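Engineer: Here you go, input03.txt (compact mmCIF, C-alpha atoms):
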# COMPACT_ATOMS: atom_id res chain seq x y z
CA MET A 9 -27.17 55.88 -18.22
CA ASP A 10 -23.50 55.24 -17.25
CA SER A 11 -20.94 55.42 -20.04
CA TYR A 12 -17.50 53.74 -20.08
CA LEU A 13 -14.42 54.85 -22.00
CA ILE A 14 -11.06 53.10 -22.05
CA GLN A 15 -8.31 55.32 -23.47
CA VAL A 16 -5.19 53.55 -24.79
CA ASN A 17 -1.93 55.50 -24.93
CA GLY A 18 1.21 54.08 -26.48
CA ARG A 19 3.99 55.44 -28.60
CA GLY A 20 7.21 54.50 -30.35
CA ASP A 21 8.95 51.27 -29.53
CA HIS A 22 8.12 51.29 -25.83
CA ALA A 23 6.05 48.45 -24.41
CA PRO A 24 2.39 49.33 -24.86
CA MET A 25 0.75 50.83 -21.78
CA LEU A 26 -2.94 51.03 -21.07
CA ASP A 27 -3.86 54.43 -19.61
CA VAL A 28 -7.25 53.46 -18.29
CA HIS A 29 -9.93 56.06 -17.53
CA LEU A 30 -13.40 55.12 -16.46
CA LYS A 31 -16.12 57.73 -17.20
CA THR A 32 -19.38 57.35 -15.39
CA ASN A 33 -22.08 60.00 -15.07
CA GLY A 34 -19.75 62.62 -16.45
CA ASN A 35 -16.98 61.93 -13.89
CA SER A 36 -13.60 60.57 -14.94
CA ILE A 37 -11.78 58.11 -12.70
CA SER A 38 -8.21 57.12 -13.54
CA LEU A 39 -7.32 53.47 -12.89
CA GLY A 40 -3.65 54.07 -13.66
CA LYS A 41 -1.27 52.51 -16.15
CA VAL A 42 -1.18 48.75 -16.62
CA LYS A 43 1.67 47.14 -18.53
CA GLY A 44 0.43 45.02 -21.42
CA ARG A 45 0.89 41.21 -21.14
CA LYS A 46 1.95 39.18 -24.11
CA PRO A 47 0.28 35.73 -23.77
CA ARG A 48 2.64 32.76 -23.74
CA TRP A 49 2.47 29.08 -22.84
CA ALA A 50 3.66 28.29 -19.31
CA VAL A 51 2.27 24.85 -18.44
CA ARG A 52 4.15 23.13 -15.62
CA ALA A 53 3.60 19.94 -13.64
CA SER A 54 2.12 20.52 -10.19
CA GLU A 55 4.22 20.36 -7.03
CA MET A 56 2.11 17.39 -5.91
CA SER A 57 3.01 15.45 -9.05
CA LYS A 58 6.69 16.28 -8.57
CA LYS A 59 6.56 14.99 -4.99
CA THR A 60 4.91 11.71 -6.03
CA PHE A 61 7.53 8.99 -6.08
CA ASN A 62 7.03 5.22 -6.11
CA PRO A 63 10.25 3.53 -4.97
CA VAL A 64 9.22 0.15 -6.38
CA ARG A 65 8.71 1.55 -9.86
CA ALA A 66 11.83 3.70 -9.61
CA ILE A 67 14.01 0.72 -8.68
CA VAL A 68 12.39 -1.84 -10.98
CA ASP A 69 12.32 0.50 -13.98
CA SER A 70 16.01 1.25 -13.51
CA MET A 71 16.94 -2.45 -13.56
CA LYS A 72 18.15 -2.59 -17.17
CA VAL A 73 18.58 -6.35 -17.42
CA GLU A 74 17.34 -8.97 -19.80
CA PRO A 75 16.36 -12.44 -18.55
CA ASN A 76 18.31 -15.48 -19.67
CA PRO A 77 16.80 -16.35 -23.08
CA LYS A 78 17.42 -20.05 -22.43
CA LYS A 79 15.15 -20.07 -19.35
CA THR A 80 11.49 -19.19 -19.07
CA MET A 81 10.91 -16.14 -16.90
CA ILE A 82 9.49 -16.82 -13.43
CA SER A 83 8.20 -13.68 -11.76
CA LEU A 84 7.93 -13.83 -7.97
CA SER A 85 7.64 -10.06 -7.71
CA LEU A 86 4.04 -8.97 -8.21
CA GLY A 87 1.54 -9.13 -5.34
CA ASP A 88 -1.34 -10.03 -7.63
CA PRO A 89 -2.80 -13.48 -6.87
CA THR A 90 -4.58 -13.66 -10.24
CA VAL A 91 -1.52 -13.60 -12.52
CA PHE A 92 -1.05 -17.33 -13.08
CA GLY A 93 -4.70 -18.42 -12.92
CA ASN A 94 -4.08 -20.97 -10.16
CA LEU A 95 -6.04 -18.93 -7.58
CA PRO A 96 -9.42 -18.06 -9.11
CA THR A 97 -12.10 -16.40 -7.06
CA ASN A 98 -15.14 -18.39 -5.97
CA ASP A 99 -18.08 -19.02 -8.31
CA GLU A 100 -20.43 -17.32 -5.84
CA VAL A 101 -18.39 -14.13 -6.16
CA THR A 102 -18.53 -13.99 -9.95
CA ARG A 103 -22.19 -15.09 -10.00
CA ALA A 104 -23.09 -12.23 -7.68
CA VAL A 105 -21.54 -9.68 -10.03
CA LYS A 106 -23.14 -11.24 -13.12
CA GLU A 107 -26.61 -11.05 -11.58
CA VAL A 108 -26.12 -7.44 -10.55
CA LEU A 109 -24.93 -6.56 -14.05
CA ASP A 110 -27.92 -8.28 -15.63
CA SER A 111 -30.34 -6.52 -13.29
CA GLY A 112 -29.42 -3.09 -14.65
CA ARG A 113 -30.12 -1.56 -11.24
CA TYR A 114 -26.59 -0.39 -10.47
CA ASN A 115 -25.59 1.61 -13.55
CA GLY A 116 -25.96 5.08 -12.06
CA TYR A 117 -24.12 7.16 -9.49
CA ALA A 118 -24.04 5.96 -5.91
CA PRO A 119 -23.52 8.16 -2.84
CA SER A 120 -19.83 9.01 -2.62
CA VAL A 121 -19.40 6.93 0.55
CA GLY A 122 -21.27 3.99 -1.00
CA TYR A 123 -24.82 2.69 -1.04
CA GLN A 124 -26.37 2.54 2.41
CA SER A 125 -27.28 -1.15 1.98
CA CYS A 126 -23.69 -1.99 1.03
CA ARG A 127 -22.28 -0.11 4.01
CA GLU A 128 -24.73 -2.03 6.20
CA ALA A 129 -23.47 -5.30 4.69
CA VAL A 130 -19.83 -4.49 5.46
CA ALA A 131 -20.70 -3.31 8.97
CA ALA A 132 -22.64 -6.52 9.63
CA TYR A 133 -19.76 -8.66 8.33
CA TYR A 134 -17.15 -7.08 10.61
CA ASN A 135 -19.34 -6.18 13.59
CA CYS A 136 -18.48 -7.90 16.86
CA PRO A 137 -19.03 -7.13 20.56
CA GLU A 138 -15.37 -6.12 20.99
CA ALA A 139 -15.53 -3.65 18.09
CA PRO A 140 -19.14 -2.77 17.21
CA LEU A 141 -19.85 -1.26 13.79
CA GLU A 142 -22.82 0.39 12.11
CA ALA A 143 -23.32 1.52 8.53
CA GLN A 144 -22.30 5.08 9.45
CA ASP A 145 -18.89 3.68 10.48
CA VAL A 146 -18.17 2.40 6.94
CA ILE A 147 -16.81 4.37 3.98
CA LEU A 148 -16.60 2.43 0.71
CA THR A 149 -13.60 3.26 -1.47
CA SER A 150 -11.99 2.42 -4.80
CA GLY A 151 -9.77 -0.34 -3.47
CA CYS A 152 -7.79 -0.46 -0.24
CA SER A 153 -5.20 1.91 -1.69
CA GLN A 154 -7.80 4.68 -1.87
CA ALA A 155 -8.93 3.82 1.64
CA ILE A 156 -5.34 4.40 2.83
CA GLU A 157 -5.13 7.62 0.83
CA LEU A 158 -8.35 9.02 2.34
CA ALA A 159 -7.35 7.95 5.84
CA LEU A 160 -3.98 9.70 5.50
CA ALA A 161 -5.56 12.79 3.96
CA VAL A 162 -8.10 13.17 6.76
CA LEU A 163 -5.62 12.59 9.62
CA ALA A 164 -2.52 14.50 8.52
CA ASN A 165 -1.71 18.00 7.28
CA PRO A 166 1.34 19.07 5.27
CA GLY A 167 4.23 19.52 7.68
CA GLN A 168 3.04 16.79 10.05
CA ASN A 169 4.57 13.31 10.14
CA ILE A 170 3.33 9.73 10.14
CA LEU A 171 4.97 6.58 11.51
CA VAL A 172 5.51 3.88 8.88
CA PRO A 173 6.93 0.34 9.23
CA ARG A 174 10.35 -0.57 7.82
CA PRO A 175 10.18 -2.82 5.86
CA GLY A 176 6.79 -1.68 4.70
CA PHE A 177 4.44 -1.24 1.77
CA SER A 178 5.87 1.52 -0.41
CA LEU A 179 2.49 3.19 -1.08
CA TYR A 180 2.43 4.76 2.39
CA LYS A 181 5.50 6.85 1.61
CA THR A 182 4.39 7.58 -1.95
CA LEU A 183 1.06 9.02 -0.78
CA ALA A 184 2.46 10.87 2.22
CA LEU A 185 5.25 12.67 0.40
CA SER A 186 2.90 13.76 -2.38
CA MET A 187 0.74 15.40 0.32
CA GLY A 188 3.68 17.15 1.97
CA ILE A 189 3.60 14.79 4.97
CA GLU A 190 6.89 13.64 6.49
CA VAL A 191 7.50 9.90 6.87
CA LYS A 192 9.27 8.49 9.93
CA LEU A 193 10.26 4.83 9.61
CA TYR A 194 10.05 2.54 12.62
CA ASN A 195 11.91 -0.76 12.60
CA LEU A 196 10.53 -4.27 12.39
CA LEU A 197 12.69 -7.05 13.83
CA PRO A 198 13.28 -10.09 11.57
CA GLU A 199 14.76 -12.08 14.44
CA LYS A 200 11.41 -11.71 16.27
CA GLY A 201 9.18 -12.65 13.34
CA TRP A 202 9.03 -9.00 12.23
CA GLU A 203 7.55 -7.66 15.46
CA ILE A 204 7.76 -3.88 15.91
CA ASP A 205 10.72 -2.42 17.77
CA LEU A 206 8.41 -0.69 20.25
CA GLU A 207 11.12 1.38 21.89
CA HIS A 208 12.24 2.73 18.53
CA LEU A 209 8.64 3.36 17.52
CA GLU A 210 7.87 5.42 20.61
CA SER A 211 11.10 7.42 20.27
CA LEU A 212 9.89 8.78 16.93
CA VAL A 213 6.68 10.36 18.25
CA ASP A 214 6.63 14.14 18.53
CA GLU A 215 4.08 16.95 18.60
CA LYS A 216 3.71 16.76 14.82
CA THR A 217 2.92 13.04 14.65
CA ALA A 218 -0.50 12.61 13.02
CA CYS A 219 -0.91 8.83 12.98
CA LEU A 220 0.73 5.42 13.29
CA ILE A 221 0.37 2.95 10.41
CA VAL A 222 0.11 -0.68 11.51
CA ASN A 223 0.12 -3.27 8.70
CA ASN A 224 -1.02 -6.68 9.95
CA PRO A 225 -0.77 -9.24 8.34
CA SER A 226 2.21 -7.69 6.62
CA ASN A 227 3.27 -6.89 3.11
CA PRO A 228 6.19 -7.52 2.49
CA CYS A 229 6.96 -9.67 5.52
CA GLY A 230 4.12 -12.21 5.63
CA SER A 231 4.13 -11.76 9.41
CA VAL A 232 1.15 -11.82 11.77
CA PHE A 233 1.24 -10.02 15.11
CA SER A 234 0.19 -11.85 18.25
CA LYS A 235 -2.54 -10.50 20.49
CA SER A 236 -0.02 -9.53 23.17
CA HIS A 237 2.15 -7.64 20.68
CA LEU A 238 -0.84 -5.74 19.32
CA GLN A 239 -1.77 -4.78 22.88
CA LYS A 240 1.73 -3.37 23.37
CA ILE A 241 1.39 -1.36 20.15
CA LEU A 242 -1.94 0.00 21.40
CA ALA A 243 -0.32 0.93 24.71
CA VAL A 244 2.21 3.10 22.88
CA ALA A 245 -0.53 4.75 20.82
CA SER A 246 -2.60 5.36 23.94
CA ARG A 247 0.29 6.86 25.92
CA GLN A 248 1.23 9.17 23.07
CA CYS A 249 -2.38 9.96 21.99
CA VAL A 250 -1.65 8.95 18.40
CA PRO A 251 -4.48 7.46 16.28
CA ILE A 252 -3.87 4.30 14.27
CA LEU A 253 -4.31 3.69 10.56
CA ALA A 254 -4.62 -0.10 10.37
CA ASP A 255 -3.85 -1.59 6.96
CA GLU A 256 -5.69 -4.91 7.28
CA ILE A 257 -6.15 -5.80 3.61
CA TYR A 258 -4.71 -9.26 4.41
CA GLY A 259 -6.98 -9.67 7.43
CA ASP A 260 -7.91 -13.32 8.08
CA MET A 261 -5.31 -14.48 5.53
CA VAL A 262 -3.30 -16.32 8.17
CA PHE A 263 -2.09 -19.88 8.29
CA ALA A 264 -3.73 -22.53 10.48
CA ASP A 265 -1.19 -22.34 13.30
CA CYS A 266 -1.81 -18.60 13.74
CA LYS A 267 -4.71 -16.35 14.74
CA TYR A 268 -5.57 -12.99 13.22
CA GLU A 269 -6.70 -10.30 15.67
CA PRO A 270 -8.20 -7.12 14.18
CA ILE A 271 -6.46 -4.41 16.19
CA ALA A 272 -9.72 -2.57 16.91
CA THR A 273 -11.06 -5.57 18.86
CA LEU A 274 -8.29 -5.10 21.43
CA SER A 275 -8.74 -1.41 22.20
CA THR A 276 -11.44 0.65 23.87
CA ASN A 277 -9.75 4.04 23.74
CA VAL A 278 -7.39 4.38 20.73
CA PRO A 279 -9.27 5.68 17.66
CA ILE A 280 -8.60 3.52 14.61
CA LEU A 281 -9.27 3.76 10.89
CA SER A 282 -9.09 0.20 9.59
CA CYS A 283 -8.56 -0.17 5.82
CA GLY A 284 -9.53 -3.33 3.96
CA GLY A 285 -11.19 -4.61 0.82
CA LEU A 286 -11.98 -7.51 -1.50
CA ALA A 287 -8.63 -7.56 -3.34
CA LYS A 288 -6.64 -10.23 -1.54
CA ARG A 289 -8.94 -12.46 0.49
CA TRP A 290 -11.46 -12.72 -2.34
CA LEU A 291 -8.72 -12.70 -5.03
CA VAL A 292 -10.15 -9.86 -7.13
CA PRO A 293 -7.69 -6.92 -6.87
CA GLY A 294 -8.84 -5.46 -10.18
CA TRP A 295 -12.40 -4.97 -8.94
CA ARG A 296 -11.26 -1.99 -6.85
CA MET A 297 -13.51 -2.41 -3.84
CA GLY A 298 -12.20 -1.26 -0.47
CA TRP A 299 -13.45 0.26 2.74
CA ILE A 300 -12.57 2.25 5.83
CA LEU A 301 -13.99 1.06 9.15
CA ILE A 302 -14.18 3.84 11.74
CA HIS A 303 -13.58 2.65 15.30
CA ASP A 304 -14.03 5.51 17.74
CA ARG A 305 -15.72 4.39 20.95
CA ARG A 306 -14.43 7.34 22.98
CA ASP A 307 -15.62 9.83 20.33
CA ILE A 308 -12.08 11.15 19.86
CA PHE A 309 -12.50 11.46 16.09
CA GLY A 310 -15.96 12.93 16.64
CA ASN A 311 -17.88 14.34 13.71
CA GLU A 312 -14.85 16.14 12.31
CA ILE A 313 -13.06 13.04 10.98
CA ARG A 314 -16.30 11.51 9.69
CA ASP A 315 -17.25 14.74 7.93
CA GLY A 316 -13.73 15.00 6.55
CA LEU A 317 -13.91 11.50 5.09
CA LEU A 318 -17.29 12.31 3.55
CA ARG A 319 -15.90 15.43 1.87
CA LEU A 320 -12.78 13.65 0.64
CA SER A 321 -14.84 10.78 -0.77
CA GLN A 322 -16.77 13.28 -2.87
CA ARG A 323 -13.68 13.93 -4.99
CA ILE A 324 -14.25 10.81 -7.10
CA LEU A 325 -17.82 9.79 -6.17
CA GLY A 326 -17.08 6.38 -4.75
CA PRO A 327 -16.15 2.89 -6.01
CA CYS A 328 -17.66 0.75 -8.78
CA THR A 329 -21.43 0.48 -8.34
CA ILE A 330 -21.63 -2.97 -9.97
CA VAL A 331 -19.32 -4.46 -7.34
CA GLN A 332 -21.15 -2.54 -4.63
CA GLY A 333 -24.38 -4.14 -5.71
CA ALA A 334 -22.82 -7.60 -5.39
CA LEU A 335 -21.07 -6.88 -2.11
CA GLU A 336 -23.70 -8.18 0.32
CA ARG A 337 -23.96 -11.49 -1.51
CA ILE A 338 -20.16 -11.81 -1.78
CA LEU A 339 -19.74 -11.30 1.96
CA ARG A 340 -22.66 -13.54 2.94
CA ARG A 341 -22.43 -16.40 0.47
CA THR A 342 -18.75 -17.04 -0.20
CA PRO A 343 -18.32 -20.54 1.25
CA PRO A 344 -15.82 -21.06 4.09
CA GLU A 345 -14.03 -23.79 2.12
CA PHE A 346 -12.99 -21.20 -0.48
CA TYR A 347 -11.00 -19.27 2.12
CA HIS A 348 -9.66 -22.52 3.56
CA ASN A 349 -8.48 -23.81 0.18
CA THR A 350 -6.73 -20.54 -0.67
CA LEU A 351 -4.87 -20.56 2.63
CA SER A 352 -3.93 -24.22 2.23
CA ILE A 353 -2.28 -23.45 -1.11
CA LEU A 354 -0.45 -20.42 0.29
CA LYS A 355 0.70 -22.35 3.38
CA SER A 356 1.96 -25.25 1.27
CA ASN A 357 3.86 -22.86 -1.03
CA ALA A 358 5.27 -20.96 1.94
CA ASP A 359 6.53 -24.19 3.54
CA LEU A 360 8.07 -25.41 0.28
CA CYS A 361 9.76 -22.10 -0.38
CA TYR A 362 11.00 -21.65 3.18
CA ALA A 363 12.45 -25.17 3.34
CA ALA A 364 14.16 -24.87 -0.06
CA LEU A 365 15.68 -21.44 0.58
CA SER A 366 16.77 -22.36 4.12
CA ALA A 367 19.00 -25.05 2.64
CA ILE A 368 20.89 -22.57 0.43
CA PRO A 369 24.16 -21.22 1.87
CA GLY A 370 24.12 -17.45 2.10
CA LEU A 371 20.33 -17.06 2.37
CA GLN A 372 18.25 -16.72 5.54
CA PRO A 373 14.48 -16.74 4.87
CA VAL A 374 12.11 -15.59 7.62
CA ARG A 375 9.19 -17.98 8.00
CA PRO A 376 5.88 -16.28 7.14
CA ALA A 377 2.65 -16.73 9.11
CA GLY A 378 0.16 -15.30 6.59
CA ALA A 379 -0.49 -12.98 3.65
CA MET A 380 1.25 -13.86 0.36
CA TYR A 381 4.95 -13.20 0.90
CA LEU A 382 8.16 -14.13 2.62
CA MET A 383 11.34 -12.15 3.07
CA VAL A 384 14.81 -13.58 2.53
CA GLU A 385 18.01 -12.14 3.96
CA ILE A 386 21.07 -12.16 1.69
CA GLU A 387 24.27 -12.64 3.66
CA MET A 388 26.06 -10.10 1.50
CA GLU A 389 29.47 -10.90 2.97
CA HIS A 390 29.25 -14.24 1.14
CA PHE A 391 28.39 -12.58 -2.17
CA PRO A 392 31.08 -9.89 -2.30
CA GLU A 393 30.84 -9.36 -6.06
CA PHE A 394 27.42 -7.73 -5.52
CA GLU A 395 27.16 -4.27 -3.99
CA ASN A 396 23.64 -4.73 -2.64
CA ASP A 397 20.31 -6.53 -2.96
CA VAL A 398 19.45 -4.66 -6.16
CA GLU A 399 22.57 -5.97 -7.93
CA PHE A 400 21.94 -9.45 -6.52
CA THR A 401 18.38 -9.58 -7.88
CA GLU A 402 19.45 -8.06 -11.22
CA ARG A 403 21.94 -10.84 -11.77
CA LEU A 404 19.38 -13.42 -10.64
CA ILE A 405 17.17 -12.22 -13.49
CA SER A 406 19.91 -12.12 -16.13
CA GLU A 407 21.35 -15.53 -15.22
CA GLN A 408 18.36 -17.53 -14.01
CA SER A 409 15.27 -15.59 -15.23
CA VAL A 410 13.86 -15.42 -11.72
CA PHE A 411 12.51 -12.03 -10.66
CA CYS A 412 12.23 -11.25 -6.94
CA LEU A 413 11.81 -7.73 -5.61
CA PRO A 414 14.90 -6.32 -3.87
CA ALA A 415 13.85 -5.21 -0.40
CA THR A 416 15.41 -1.80 -0.99
CA CYS A 417 11.94 -1.21 -2.47
CA PHE A 418 10.66 -1.52 1.09
CA GLU A 419 13.42 0.55 2.72
CA TYR A 420 15.15 -2.64 3.89
CA PRO A 421 18.36 -3.40 1.99
CA ASN A 422 20.05 -6.80 1.67
CA PHE A 423 16.80 -8.77 1.64
CA PHE A 424 14.49 -9.77 -1.18
CA ARG A 425 10.76 -10.53 -1.22
CA VAL A 426 9.20 -13.66 -2.70
CA VAL A 427 5.52 -13.84 -3.71
CA ILE A 428 4.09 -17.28 -2.87
CA THR A 429 0.89 -17.20 -4.96
CA VAL A 430 2.46 -18.88 -7.99
CA PRO A 431 1.80 -22.56 -8.85
CA GLU A 432 3.72 -25.12 -6.79
CA GLU A 433 5.85 -26.39 -9.68
CA MET A 434 6.91 -22.82 -10.40
CA ILE A 435 7.91 -22.26 -6.76
CA LEU A 436 10.06 -25.41 -6.85
CA GLU A 437 11.68 -24.49 -10.16
CA ALA A 438 12.39 -20.94 -8.97
CA CYS A 439 13.97 -22.18 -5.74
CA SER A 440 16.11 -24.65 -7.72
CA ARG A 441 17.38 -21.83 -9.93
CA ILE A 442 18.03 -19.58 -6.91
CA GLN A 443 20.07 -22.41 -5.40
CA GLU A 444 22.09 -22.79 -8.61
CA PHE A 445 22.67 -19.03 -8.69
CA CYS A 446 23.83 -18.86 -5.08
CA GLU A 447 26.13 -21.87 -5.43
CA MET A 448 27.72 -20.16 -8.43
CA HIS A 449 28.41 -16.91 -6.57
CA TYR A 450 28.77 -17.94 -2.92
CA GLN A 451 32.12 -17.24 -1.29
CA GLY A 452 33.16 -18.69 2.06
CA ALA A 453 34.90 -16.46 4.56
CA GLU A 454 38.35 -16.98 2.97
CA GLY A 455 37.12 -16.64 -0.61
CA ALA A 456 35.20 -13.49 0.17
CA GLN A 457 38.25 -11.99 1.86
CA ASP A 458 40.47 -12.83 -1.14
CA LEU A 459 37.95 -11.25 -3.52
CA GLU A 460 37.84 -8.08 -1.42
CA CYS A 461 41.64 -7.85 -1.56
CA ASP A 462 41.60 -8.20 -5.36
CA LYS A 463 39.24 -5.22 -5.73
Rewrite the structure from the file as structure tokens, please.
Structural biologist:
Amino acid sequence: MDSYLIQVNGRGDHAPMLDVHLKTNGNSISLGKVKGRKPRWAVRASEMSKKTFNPVRAIVDSMKVEPNPKKTMISLSLGDPTVFGNLPTNDEVTRAVKEVLDSGRYNGYAPSVGYQSCREAVAAYYNCPEAPLEAQDVILTSGCSQAIELALAVLANPGQNILVPRPGFSLYKTLALSMGIEVKLYNLLPEKGWEIDLEHLESLVDEKTACLIVNNPSNPCGSVFSKSHLQKILAVASRQCVPILADEIYGDMVFADCKYEPIATLSTNVPILSCGGLAKRWLVPGWRMGWILIHDRRDIFGNEIRDGLLRLSQRILGPCTIVQGALERILRRTPPEFYHNTLSILKSNADLCYAALSAIPGLQPVRPAGAMYLMVEIEMEHFPEFENDVEFTERLISEQSVFCLPATCFEYPNFFRVVITVPEEMILEACSRIQEFCEMHYQGAEGAQDLECDK
């Protein structure tokens, strides 16, 4: 039988040393001297957590202002259509979930990419001759935000870069930087209804570019790209061999005078991961149901991207099973008039807000075509007492109790974003207060110049 002996040598006030000898079958083997380790706590936040930065939260949390106590707060800042209760989801949607809950059949774990029947339901809903889909092309996720996270994680490695719109949804940058992925911002053009500056976009592509993010309809802009513009975007992606991550969470949420074109229906060769979900169109963001649609007719992604998405989805074992169980019924039975009524309310609010803000000296709103937002330019030269859009919106809160997000949150200073999902009377009251605020602080060319000289 083998025998083991550990001999410990230490003397005086020197650090203890372990002189380790291993005896086996009568032979002694020295393993050398190992300095003793005194245990101590050394818990540190991970590098990933340190790289995670949400510019919206950073800016909003630093706005140390109190609203005017004489005026009720009106928040036009949060992209959650459920806040004020004026945009409830359809009865068919809630009934579907209630029945699934009562059935008790969806209380266990589902496959990490979602139940096969639910993937089939999503594929059937979005399938069309121009962009065919099968169940294997669908990955169910915990909301559209996780869909974007998985799509980024499967397409890009640390040290690579992605192309992101400016102004654009801040989550893209938050996720990318936490993964060690560089963000390159391409410009949108307000004077062209927020179309992409295609020349600028293409100039940013290099050998480390992993994907192009296209957000249509847009948050924060409320813009909707035309078919011809989408085709030009695809031409850039095709020339540069860059895949597209399409954030289409506001898909089909466009006003009557506009048409939504899913980008995958316009391309036969550019591989696309389209991210969507129930949150906005069905008005249930808290239900956390999203999906990735894999469009890859030239087999450029191949099995590698599909396998990668499968492995990544296994990190949290998929989205809520109760909502999955209701998904087929939600997609099949939600009546068309529900979508129509929602869009009618949003269009009416958008028109009211645009007309009211257009009449205010010093503001230049950009007319939206869909989604739930519009952007407003602040002609800062006429408000010289404010350094930037953050100061402007801070004072708007403190004086008028109206909260709009400064567009610095979206990498686009000297604008602010308005959410148009609030009740009509609240939109009108907010616009009236914004007008009062601007009239109080507006300076014509001469007044602004005099104020600058006094500084």
Engineer: Any idea what's packed within 8 Å of region 438-447 of chain A, counting all atoms listed in the file, ignoring anything in its chain fewer than 5 positions away? Could you give it as a list in words?
Structural biologist: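 After dropping sequence-adjacent residues, the list is Ile82, Cys361, Ala364, Leu365, Ile368, Pro369, Gly370, Leu404, Glu407, Gln408 and Val410 of chain A.
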Engineer: At most 6 Å from (-2.7, -6.5, 5.4), file frame, only C-alpha atoms: which residues, as a PyMOL selection string?
Structural biologist: chain A and resi 223-226+255-259
Engineer: Please identify all polymer residues within 9 Å of Ser57 (chain A), counting all atoms listed in the file, omitting same-chain residues fewer than 4 positions from it, and present them as a compact mmCIF listing (two decimals) with C-alpha atoms, in the coordinates of the input.
Structural biologist:
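Result went into selection.txt, see below:
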# COMPACT_ATOMS: atom_id res chain seq x y z
CA ALA A 53 3.60 19.94 -13.64
CA PHE A 61 7.53 8.99 -6.08
CA SER A 186 2.90 13.76 -2.38
Engineer: Can you measure CA of Arg247 (chain A) to CA of Ser282 (chain A) for me? One decimal in Å is fine.
Structural biologist: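 Interatomic distance here is 20.0 Å.
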Engineer: Counting only C-alpha atoms, which of A:Val244, A:Val292, A:Cys219, A:Ile313 gets nearest to Thr90 (chain A)?
Structural biologist: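 For Thr90 (chain A), the nearest of the given residues is A:Val292.
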Engineer: Determine, counting all atoms listed in the file, which protein, DNA and RNA residues have an atom within 12 Å of an atom of Val374 (chain A); residues of the same chain fewer than 6 positions away are not included. Present the result as a VMD selection string.
Structural biologist: chain A and resid 197 to 202 228 to 231 358 to 359 361 to 363 365 to 366 381 to 386 423 to 426
Engineer: Which polymer residues have any atom within 12 Å of an atom of Gly93 (chain A), counting all atoms listed in the file, with same-chain residues fewer than 5 positions away left out, as a list in words?
Structural biologist: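 Non-adjacent residues within range: Asp88, Leu291, Val292, Thr429, Val430 and Pro431 of chain A.
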Engineer: Quick one: pull the distance between CA of Phe418 (chain A) and CA of Leu317 (chain A), Å, one decimal.
Structural biologist: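 Pair CA of Phe418 (chain A) / CA of Leu317 (chain A) returns 28.1 Å.
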Engineer: Between CA of Val262 (chain A) and CA of Ile330 (chain A), what is the spacing in Å?
Structural biologist: 29.0 Å
Engineer: Taking (-27.0, -0.2, -13.0) in the coordinates of the supplied file, I want to know which residues reach to within 12 Å of it, counting only C-alpha atoms; could you give the answer as a PyMOL selection string?
Structural biologist: chain A and resi 105-118+328-334
Engineer: Starting from 3 Å padding per side, set up an axis-aligned box that covers all listed atoms of region 391-396 of chain A and hand over centre and edge lengths in Å, one decimal, as AutoDock Vina command-line options.
Structural biologist:
--center_x 27.4 --center_y -8.4 --center_z -4.1 --size_x 13.4 --size_y 14.3 --size_z 9.9
Engineer: I'd like the neighbourhood of Ser150 (chain A) as an MDAnalysis selection string, where a residue qualifies if any of its atoms comes within 10 Å (using only C-alpha atoms), though same-chain residues fewer than 5 positions away should be ignored.
Structural biologist: chainID A and resid 155 285 295:299 321 324:328
Engineer: Which one is closest to Glu345 (chain A): A:Asn98, A:Met434, A:Ala139, A:Ala129? Count only C-alpha atoms.
Structural biologist: A:Asn98
